[in-house]
Amino acid sequence: MEYLGKTKLRDIYYIFVNNIEDFKINDLPNQNWLAFVFSNENKADLIKKIAEACVLNNFLYLCSSGSKCGLIEAIFDEVIIDNIYNKKNLNIDKDILTTGHEDFENEFWFAIMTAYHPYKNIDSVICIDIGLDKKEEIKELMKK
């Protein structure tokens, strides 16, 4: 995980993942964070592994983007619901929110500036890039 900088509200981090072996759960924080996950690829197994790791690491919010934002959001919702109702993770926040928008720039701005949790502060945004290599674009958006 690479630290990209801080906005007025949140620290921004970046992780590039192209396959399951690239993703390490230890890279994720363990409280008060938002996952910004984006992809144009149909990598359901990888997305599910990421969703499970996010739930285990107590994330508060998902923002998804790219042409597969609907798939990402659906998989995250499924993992969240499974954890809550089957009591797989007794510490899971019952108020995890998910959203998605294909437009990368709009969803990024929403993630870093507008998204909020009803009861907890979101301190950091972890950008999880599944095969798009958007680190430089994120850096440019942060300069704006």
# chains A, B, ... in the order shown; residues from 1 in each chain; ligands from 1
>>> residues_around(residues="range 100-108 of chain A", least_positions_apart="6", cutoff="7 Å", atoms="only C-alpha atoms", output="compact mmCIF listing (two decimals) with C-alpha atoms, in the first residue's frame")
# COMPACT_ATOMS: atom_id res chain seq x y z
CA CYS A 63 -17.29 3.22 -3.40
CA SER A 64 -16.90 1.32 -6.66
CA SER A 65 -16.14 2.53 -10.16
CA GLY A 66 -15.29 1.38 -13.66
CA SER A 67 -17.42 -0.66 -16.01
CA CYS A 69 -18.80 -1.15 -10.55
CA GLY A 70 -22.13 -2.98 -10.41
CA GLU A 73 -20.96 -3.51 -5.40
>>> residues_around(residues="Pro29 in chain A", least_positions_apart="4", cutoff="10 Å", atoms="only C-alpha atoms", output="PyMOL selection string")
chain A and resi 1+25+33-34+54+57-59+124-126
>>> write_last_selection(atoms="N, CA and C atoms", output="tab-separated table (two decimals), in the first residue's frame")
chain	number	residue	atom	x	y	z
A	1	MET	N	0.85	-1.17	0.00
A	1	MET	CA	0.00	0.00	0.00
A	1	MET	C	0.90	1.23	0.00
A	25	ILE	N	-4.00	-9.00	2.66
A	25	ILE	CA	-4.92	-8.44	3.65
A	25	ILE	C	-4.21	-7.55	4.65
A	33	TRP	N	-12.22	3.35	7.73
A	33	TRP	CA	-11.74	3.57	6.37
A	33	TRP	C	-12.80	3.22	5.32
A	34	LEU	N	-12.58	3.80	4.15
A	34	LEU	CA	-13.44	3.60	2.99
A	34	LEU	C	-12.64	2.87	1.92
A	54	CYS	N	-11.85	-6.71	3.33
A	54	CYS	CA	-12.36	-5.41	3.80
A	54	CYS	C	-13.28	-5.61	5.01
A	57	ASN	N	-11.35	-6.41	8.05
A	57	ASN	CA	-10.58	-5.26	8.53
A	57	ASN	C	-11.45	-4.05	8.84
A	58	ASN	N	-12.73	-4.30	9.09
A	58	ASN	CA	-13.64	-3.29	9.65
A	58	ASN	C	-13.78	-2.02	8.81
A	59	PHE	N	-13.93	-2.18	7.49
A	59	PHE	CA	-14.15	-0.99	6.67
A	59	PHE	C	-15.57	-0.47	6.90
A	124	SER	N	-9.58	7.46	6.31
A	124	SER	CA	-8.74	7.19	5.15
A	124	SER	C	-9.54	6.50	4.03
A	125	VAL	N	-9.04	6.70	2.82
A	125	VAL	CA	-9.59	6.07	1.63
A	125	VAL	C	-8.50	5.19	1.05
A	126	ILE	N	-8.82	3.91	0.88
A	126	ILE	CA	-7.89	2.98	0.29
A	126	ILE	C	-8.36	2.71	-1.14
>>> residues_around(residues="range 119-123 of chain A", least_positions_apart="6", cutoff="8 Å", atoms="only C-alpha atoms", output="ChimeraX atom specification")
/A:9-11,32-34,60
>>> write_last_selection(atoms="C-alpha atoms", output="PDB file, in the first residue's frame")
ATOM      1  CA  LEU A   9     -10.646  15.167   5.427  1.00  0.00           C
ATOM      2  CA  ARG A  10      -8.849  11.931   4.629  1.00  0.00           C
ATOM      3  CA  ASP A  11      -5.544  10.187   3.996  1.00  0.00           C
ATOM      4  CA  ASN A  32     -12.432   3.916  10.073  1.00  0.00           C
ATOM      5  CA  TRP A  33     -11.743   3.574   6.366  1.00  0.00           C
ATOM      6  CA  LEU A  34     -13.438   3.596   2.993  1.00  0.00           C
ATOM      7  CA  LEU A  60     -17.101   1.420   6.791  1.00  0.00           C
TER       8      LEU A  60
END
>>> select_by_dssp(residues="chain A", states="strand (DSSP E)", output="ChimeraX atom specification")
/A:2-6,11-17,33-39,61-65,97-101,124-130
>>> residues_around(residues="range 44-49 of chain A", least_positions_apart="3", cutoff="8 Å", atoms="only C-alpha atoms", output="ChimeraX atom specification")
/A:19-20,52-53,71-72,75-76,79
>>> atom_distance(atom1="CA of Cys127 in chain A", atom2="CA of Glu2 in chain A")
9.6 Å
>>> residues_around(residues="Val17 in chain A", least_positions_apart="5", cutoff="8 Å", atoms="only C-alpha atoms", output="mmCIF file with N, CA and C atoms, in the first residue's frame")
data_model
loop_
_atom_site.group_PDB
_atom_site.id
_atom_site.type_symbol
_atom_site.label_atom_id
_atom_site.label_comp_id
_atom_site.auth_asym_id
_atom_site.auth_seq_id
_atom_site.Cartn_x
_atom_site.Cartn_y
_atom_site.Cartn_z
ATOM 1 N N ASP A 22 -1.473 -10.942 -5.774
ATOM 2 C CA ASP A 22 -1.012 -9.568 -5.516
ATOM 3 C C ASP A 22 -1.634 -8.966 -4.262
ATOM 4 N N PHE A 23 -2.788 -9.487 -3.854
ATOM 5 C CA PHE A 23 -3.532 -8.850 -2.771
ATOM 6 C C PHE A 23 -3.146 -9.426 -1.416
ATOM 7 N N ILE A 128 -8.287 0.731 -4.286
ATOM 8 C CA ILE A 128 -7.888 -0.613 -4.685
ATOM 9 C C ILE A 128 -8.152 -0.738 -6.177
ATOM 10 N N ASP A 129 -7.076 -0.690 -6.934
ATOM 11 C CA ASP A 129 -7.090 -0.650 -8.388
ATOM 12 C C ASP A 129 -6.929 -2.068 -8.929
ATOM 13 N N ILE A 130 -7.974 -2.578 -9.552
ATOM 14 C CA ILE A 130 -7.926 -3.926 -10.114
ATOM 15 C C ILE A 130 -7.650 -3.805 -11.610
ATOM 16 N N GLY A 131 -6.374 -3.720 -11.944
ATOM 17 C CA GLY A 131 -5.930 -3.786 -13.328
ATOM 18 C C GLY A 131 -6.020 -2.530 -14.169
#
>>> select_by_dssp(residues="chain A", states="alpha helix (DSSP H)", output="PDB file with N, CA and C atoms, in the first residue's frame")
ATOM      1  N   ALA A  44     -14.397 -11.820 -10.557  1.00  0.00           N
ATOM      2  CA  ALA A  44     -15.279 -12.023  -9.405  1.00  0.00           C
ATOM      3  C   ALA A  44     -14.558 -12.670  -8.224  1.00  0.00           C
ATOM      4  N   ASP A  45     -13.699 -13.654  -8.461  1.00  0.00           N
ATOM      5  CA  ASP A  45     -12.989 -14.318  -7.361  1.00  0.00           C
ATOM      6  C   ASP A  45     -12.081 -13.342  -6.621  1.00  0.00           C
ATOM      7  N   LEU A  46     -11.377 -12.510  -7.361  1.00  0.00           N
ATOM      8  CA  LEU A  46     -10.498 -11.515  -6.754  1.00  0.00           C
ATOM      9  C   LEU A  46     -11.319 -10.474  -5.992  1.00  0.00           C
ATOM     10  N   ILE A  47     -12.396 -10.012  -6.591  1.00  0.00           N
ATOM     11  CA  ILE A  47     -13.248  -9.021  -5.929  1.00  0.00           C
ATOM     12  C   ILE A  47     -13.808  -9.595  -4.629  1.00  0.00           C
ATOM     13  N   LYS A  48     -14.217 -10.857  -4.644  1.00  0.00           N
ATOM     14  CA  LYS A  48     -14.740 -11.479  -3.427  1.00  0.00           C
ATOM     15  C   LYS A  48     -13.666 -11.567  -2.350  1.00  0.00           C
ATOM     16  N   LYS A  49     -12.453 -11.908  -2.735  1.00  0.00           N
ATOM     17  CA  LYS A  49     -11.357 -11.967  -1.754  1.00  0.00           C
ATOM     18  C   LYS A  49     -11.114 -10.586  -1.147  1.00  0.00           C
ATOM     19  N   ILE A  50     -11.150  -9.562  -1.973  1.00  0.00           N
ATOM     20  CA  ILE A  50     -10.969  -8.192  -1.488  1.00  0.00           C
ATOM     21  C   ILE A  50     -12.115  -7.813  -0.555  1.00  0.00           C
ATOM     22  N   ALA A  51     -13.347  -8.135  -0.931  1.00  0.00           N
ATOM     23  CA  ALA A  51     -14.509  -7.825  -0.095  1.00  0.00           C
ATOM     24  C   ALA A  51     -14.399  -8.508   1.262  1.00  0.00           C
ATOM     25  N   GLU A  52     -14.023  -9.769   1.272  1.00  0.00           N
ATOM     26  CA  GLU A  52     -13.875 -10.496   2.539  1.00  0.00           C
ATOM     27  C   GLU A  52     -12.789  -9.863   3.412  1.00  0.00           C
ATOM     28  N   ALA A  53     -11.697  -9.440   2.797  1.00  0.00           N
ATOM     29  CA  ALA A  53     -10.623  -8.788   3.549  1.00  0.00           C
ATOM     30  C   ALA A  53     -11.086  -7.450   4.111  1.00  0.00           C
ATOM     31  N   CYS A  54     -11.854  -6.706   3.332  1.00  0.00           N
ATOM     32  CA  CYS A  54     -12.363  -5.413   3.804  1.00  0.00           C
ATOM     33  C   CYS A  54     -13.278  -5.610   5.010  1.00  0.00           C
ATOM     34  N   VAL A  55     -14.146  -6.605   4.941  1.00  0.00           N
ATOM     35  CA  VAL A  55     -15.044  -6.889   6.062  1.00  0.00           C
ATOM     36  C   VAL A  55     -14.242  -7.287   7.297  1.00  0.00           C
ATOM     37  N   LEU A  56     -13.263  -8.151   7.124  1.00  0.00           N
ATOM     38  CA  LEU A  56     -12.429  -8.578   8.260  1.00  0.00           C
ATOM     39  C   LEU A  56     -11.655  -7.415   8.875  1.00  0.00           C
ATOM     40  N   CYS A  69     -18.399  -1.662 -11.861  1.00  0.00           N
ATOM     41  CA  CYS A  69     -18.802  -1.147 -10.550  1.00  0.00           C
ATOM     42  C   CYS A  69     -20.025  -1.871 -10.003  1.00  0.00           C
ATOM     43  N   GLY A  70     -20.952  -2.243 -10.863  1.00  0.00           N
ATOM     44  CA  GLY A  70     -22.133  -2.977 -10.412  1.00  0.00           C
ATOM     45  C   GLY A  70     -21.770  -4.352  -9.869  1.00  0.00           C
ATOM     46  N   LEU A  71     -20.869  -5.041 -10.536  1.00  0.00           N
ATOM     47  CA  LEU A  71     -20.393  -6.345 -10.066  1.00  0.00           C
ATOM     48  C   LEU A  71     -19.679  -6.202  -8.730  1.00  0.00           C
ATOM     49  N   ILE A  72     -18.827  -5.201  -8.631  1.00  0.00           N
ATOM     50  CA  ILE A  72     -18.082  -4.965  -7.384  1.00  0.00           C
ATOM     51  C   ILE A  72     -19.052  -4.726  -6.239  1.00  0.00           C
ATOM     52  N   GLU A  73     -19.996  -3.835  -6.453  1.00  0.00           N
ATOM     53  CA  GLU A  73     -20.964  -3.506  -5.399  1.00  0.00           C
ATOM     54  C   GLU A  73     -21.800  -4.729  -5.012  1.00  0.00           C
ATOM     55  N   ALA A  74     -22.224  -5.515  -6.000  1.00  0.00           N
ATOM     56  CA  ALA A  74     -23.035  -6.703  -5.718  1.00  0.00           C
ATOM     57  C   ALA A  74     -22.257  -7.731  -4.897  1.00  0.00           C
ATOM     58  N   ILE A  75     -21.002  -7.945  -5.239  1.00  0.00           N
ATOM     59  CA  ILE A  75     -20.182  -8.913  -4.490  1.00  0.00           C
ATOM     60  C   ILE A  75     -19.947  -8.414  -3.075  1.00  0.00           C
ATOM     61  N   PHE A  76     -19.631  -7.142  -2.915  1.00  0.00           N
ATOM     62  CA  PHE A  76     -19.428  -6.593  -1.569  1.00  0.00           C
ATOM     63  C   PHE A  76     -20.711  -6.717  -0.744  1.00  0.00           C
ATOM     64  N   ASP A  77     -21.856  -6.375  -1.337  1.00  0.00           N
ATOM     65  CA  ASP A  77     -23.126  -6.488  -0.612  1.00  0.00           C
ATOM     66  C   ASP A  77     -23.362  -7.928  -0.165  1.00  0.00           C
ATOM     67  N   GLU A  78     -23.095  -8.874  -1.051  1.00  0.00           N
ATOM     68  CA  GLU A  78     -23.280 -10.289  -0.717  1.00  0.00           C
ATOM     69  C   GLU A  78     -22.387 -10.713   0.451  1.00  0.00           C
ATOM     70  N   VAL A  79     -21.130 -10.309   0.416  1.00  0.00           N
ATOM     71  CA  VAL A  79     -20.190 -10.662   1.493  1.00  0.00           C
ATOM     72  C   VAL A  79     -20.601  -9.997   2.806  1.00  0.00           C
ATOM     73  N   ILE A  80     -21.001  -8.749   2.748  1.00  0.00           N
ATOM     74  CA  ILE A  80     -21.432  -8.032   3.958  1.00  0.00           C
ATOM     75  C   ILE A  80     -22.648  -8.721   4.571  1.00  0.00           C
ATOM     76  N   ILE A  81     -23.656  -8.979   3.754  1.00  0.00           N
ATOM     77  CA  ILE A  81     -24.880  -9.612   4.254  1.00  0.00           C
ATOM     78  C   ILE A  81     -24.577 -11.002   4.813  1.00  0.00           C
ATOM     79  N   ASP A  82     -23.757 -11.765   4.110  1.00  0.00           N
ATOM     80  CA  ASP A  82     -23.393 -13.104   4.581  1.00  0.00           C
ATOM     81  C   ASP A  82     -22.711 -13.032   5.948  1.00  0.00           C
ATOM     82  N   ASN A  83     -21.828 -12.068   6.133  1.00  0.00           N
ATOM     83  CA  ASN A  83     -21.130 -11.923   7.411  1.00  0.00           C
ATOM     84  C   ASN A  83     -22.069 -11.497   8.531  1.00  0.00           C
ATOM     85  N   ILE A  84     -22.997 -10.620   8.238  1.00  0.00           N
ATOM     86  CA  ILE A  84     -23.926 -10.146   9.265  1.00  0.00           C
ATOM     87  C   ILE A  84     -24.902 -11.250   9.657  1.00  0.00           C
ATOM     88  N   TYR A  85     -25.552 -11.852   8.677  1.00  0.00           N
ATOM     89  CA  TYR A  85     -26.621 -12.797   8.992  1.00  0.00           C
ATOM     90  C   TYR A  85     -26.127 -14.176   9.408  1.00  0.00           C
ATOM     91  N   PHE A 104     -15.211   7.417 -13.167  1.00  0.00           N
ATOM     92  CA  PHE A 104     -14.139   7.315 -12.183  1.00  0.00           C
ATOM     93  C   PHE A 104     -13.933   8.620 -11.405  1.00  0.00           C
ATOM     94  N   GLU A 105     -13.823   9.720 -12.110  1.00  0.00           N
ATOM     95  CA  GLU A 105     -13.544  10.997 -11.450  1.00  0.00           C
ATOM     96  C   GLU A 105     -14.651  11.379 -10.471  1.00  0.00           C
ATOM     97  N   ASN A 106     -15.899  11.245 -10.876  1.00  0.00           N
ATOM     98  CA  ASN A 106     -17.010  11.575  -9.977  1.00  0.00           C
ATOM     99  C   ASN A 106     -17.025  10.688  -8.747  1.00  0.00           C
ATOM    100  N   GLU A 107     -16.801   9.395  -8.923  1.00  0.00           N
ATOM    101  CA  GLU A 107     -16.829   8.482  -7.776  1.00  0.00           C
ATOM    102  C   GLU A 107     -15.627   8.712  -6.861  1.00  0.00           C
ATOM    103  N   PHE A 108     -14.474   9.048  -7.434  1.00  0.00           N
ATOM    104  CA  PHE A 108     -13.304   9.357  -6.616  1.00  0.00           C
ATOM    105  C   PHE A 108     -13.580  10.575  -5.734  1.00  0.00           C
ATOM    106  N   TRP A 109     -14.126  11.645  -6.334  1.00  0.00           N
ATOM    107  CA  TRP A 109     -14.437  12.842  -5.557  1.00  0.00           C
ATOM    108  C   TRP A 109     -15.453  12.541  -4.464  1.00  0.00           C
ATOM    109  N   LYS A 135      -3.014   5.147 -10.698  1.00  0.00           N
ATOM    110  CA  LYS A 135      -2.315   5.891  -9.644  1.00  0.00           C
ATOM    111  C   LYS A 135      -1.998   7.323 -10.070  1.00  0.00           C
ATOM    112  N   GLU A 136      -1.464   7.517 -11.244  1.00  0.00           N
ATOM    113  CA  GLU A 136      -1.098   8.871 -11.684  1.00  0.00           C
ATOM    114  C   GLU A 136      -2.340   9.741 -11.857  1.00  0.00           C
ATOM    115  N   GLU A 137      -3.425   9.163 -12.336  1.00  0.00           N
ATOM    116  CA  GLU A 137      -4.673   9.919 -12.473  1.00  0.00           C
ATOM    117  C   GLU A 137      -5.185  10.351 -11.100  1.00  0.00           C
ATOM    118  N   ILE A 138      -5.086   9.472 -10.124  1.00  0.00           N
ATOM    119  CA  ILE A 138      -5.506   9.820  -8.758  1.00  0.00           C
ATOM    120  C   ILE A 138      -4.658  10.961  -8.215  1.00  0.00           C
ATOM    121  N   LYS A 139      -3.358  10.907  -8.440  1.00  0.00           N
ATOM    122  CA  LYS A 139      -2.474  11.979  -7.986  1.00  0.00           C
ATOM    123  C   LYS A 139      -2.858  13.314  -8.621  1.00  0.00           C
ATOM    124  N   GLU A 140      -3.179  13.288  -9.899  1.00  0.00           N
ATOM    125  CA  GLU A 140      -3.593  14.516 -10.585  1.00  0.00           C
ATOM    126  C   GLU A 140      -4.921  15.033 -10.042  1.00  0.00           C
ATOM    127  N   LEU A 141      -5.863  14.149  -9.797  1.00  0.00           N
ATOM    128  CA  LEU A 141      -7.142  14.564  -9.227  1.00  0.00           C
ATOM    129  C   LEU A 141      -6.963  15.165  -7.838  1.00  0.00           C
ATOM    130  N   MET A 142      -6.044  14.618  -7.071  1.00  0.00           N
ATOM    131  CA  MET A 142      -5.804  15.151  -5.724  1.00  0.00           C
ATOM    132  C   MET A 142      -5.223  16.561  -5.773  1.00  0.00           C
ATOM    133  N   LYS A 143      -4.476  16.883  -6.819  1.00  0.00           N
ATOM    134  CA  LYS A 143      -3.911  18.231  -6.946  1.00  0.00           C
ATOM    135  C   LYS A 143      -4.988  19.273  -7.188  1.00  0.00           C
TER     136      LYS A 143
END
>>> residues_around(residues="Tyr61 in chain A", least_positions_apart="5", cutoff="6 Å", atoms="only C-alpha atoms", output="ChimeraX atom specification")
/A:34,96-98
>>> write_last_selection(atoms="N, CA and C atoms", output="CSV table (one decimal), in the first residue's frame")
chain,number,residue,atom,x,y,z
A,34,LEU,N,-12.6,3.8,4.1
A,34,LEU,CA,-13.4,3.6,3.0
A,34,LEU,C,-12.6,2.9,1.9
A,96,ILE,N,-22.5,-0.6,7.2
A,96,ILE,CA,-21.6,-0.4,6.0
A,96,ILE,C,-22.5,0.0,4.8
A,97,LEU,N,-22.0,1.0,4.1
A,97,LEU,CA,-22.7,1.6,3.0
A,97,LEU,C,-21.9,1.2,1.7
A,98,THR,N,-22.6,1.0,0.6
A,98,THR,CA,-22.0,0.8,-0.7
A,98,THR,C,-22.6,1.6,-1.8
>>> closest_residue(among="A:Asn40, A:Lys24, A:Ile112, A:Asp133", to="Leu62 in chain A", atoms="only C-alpha atoms")
A:Ile112
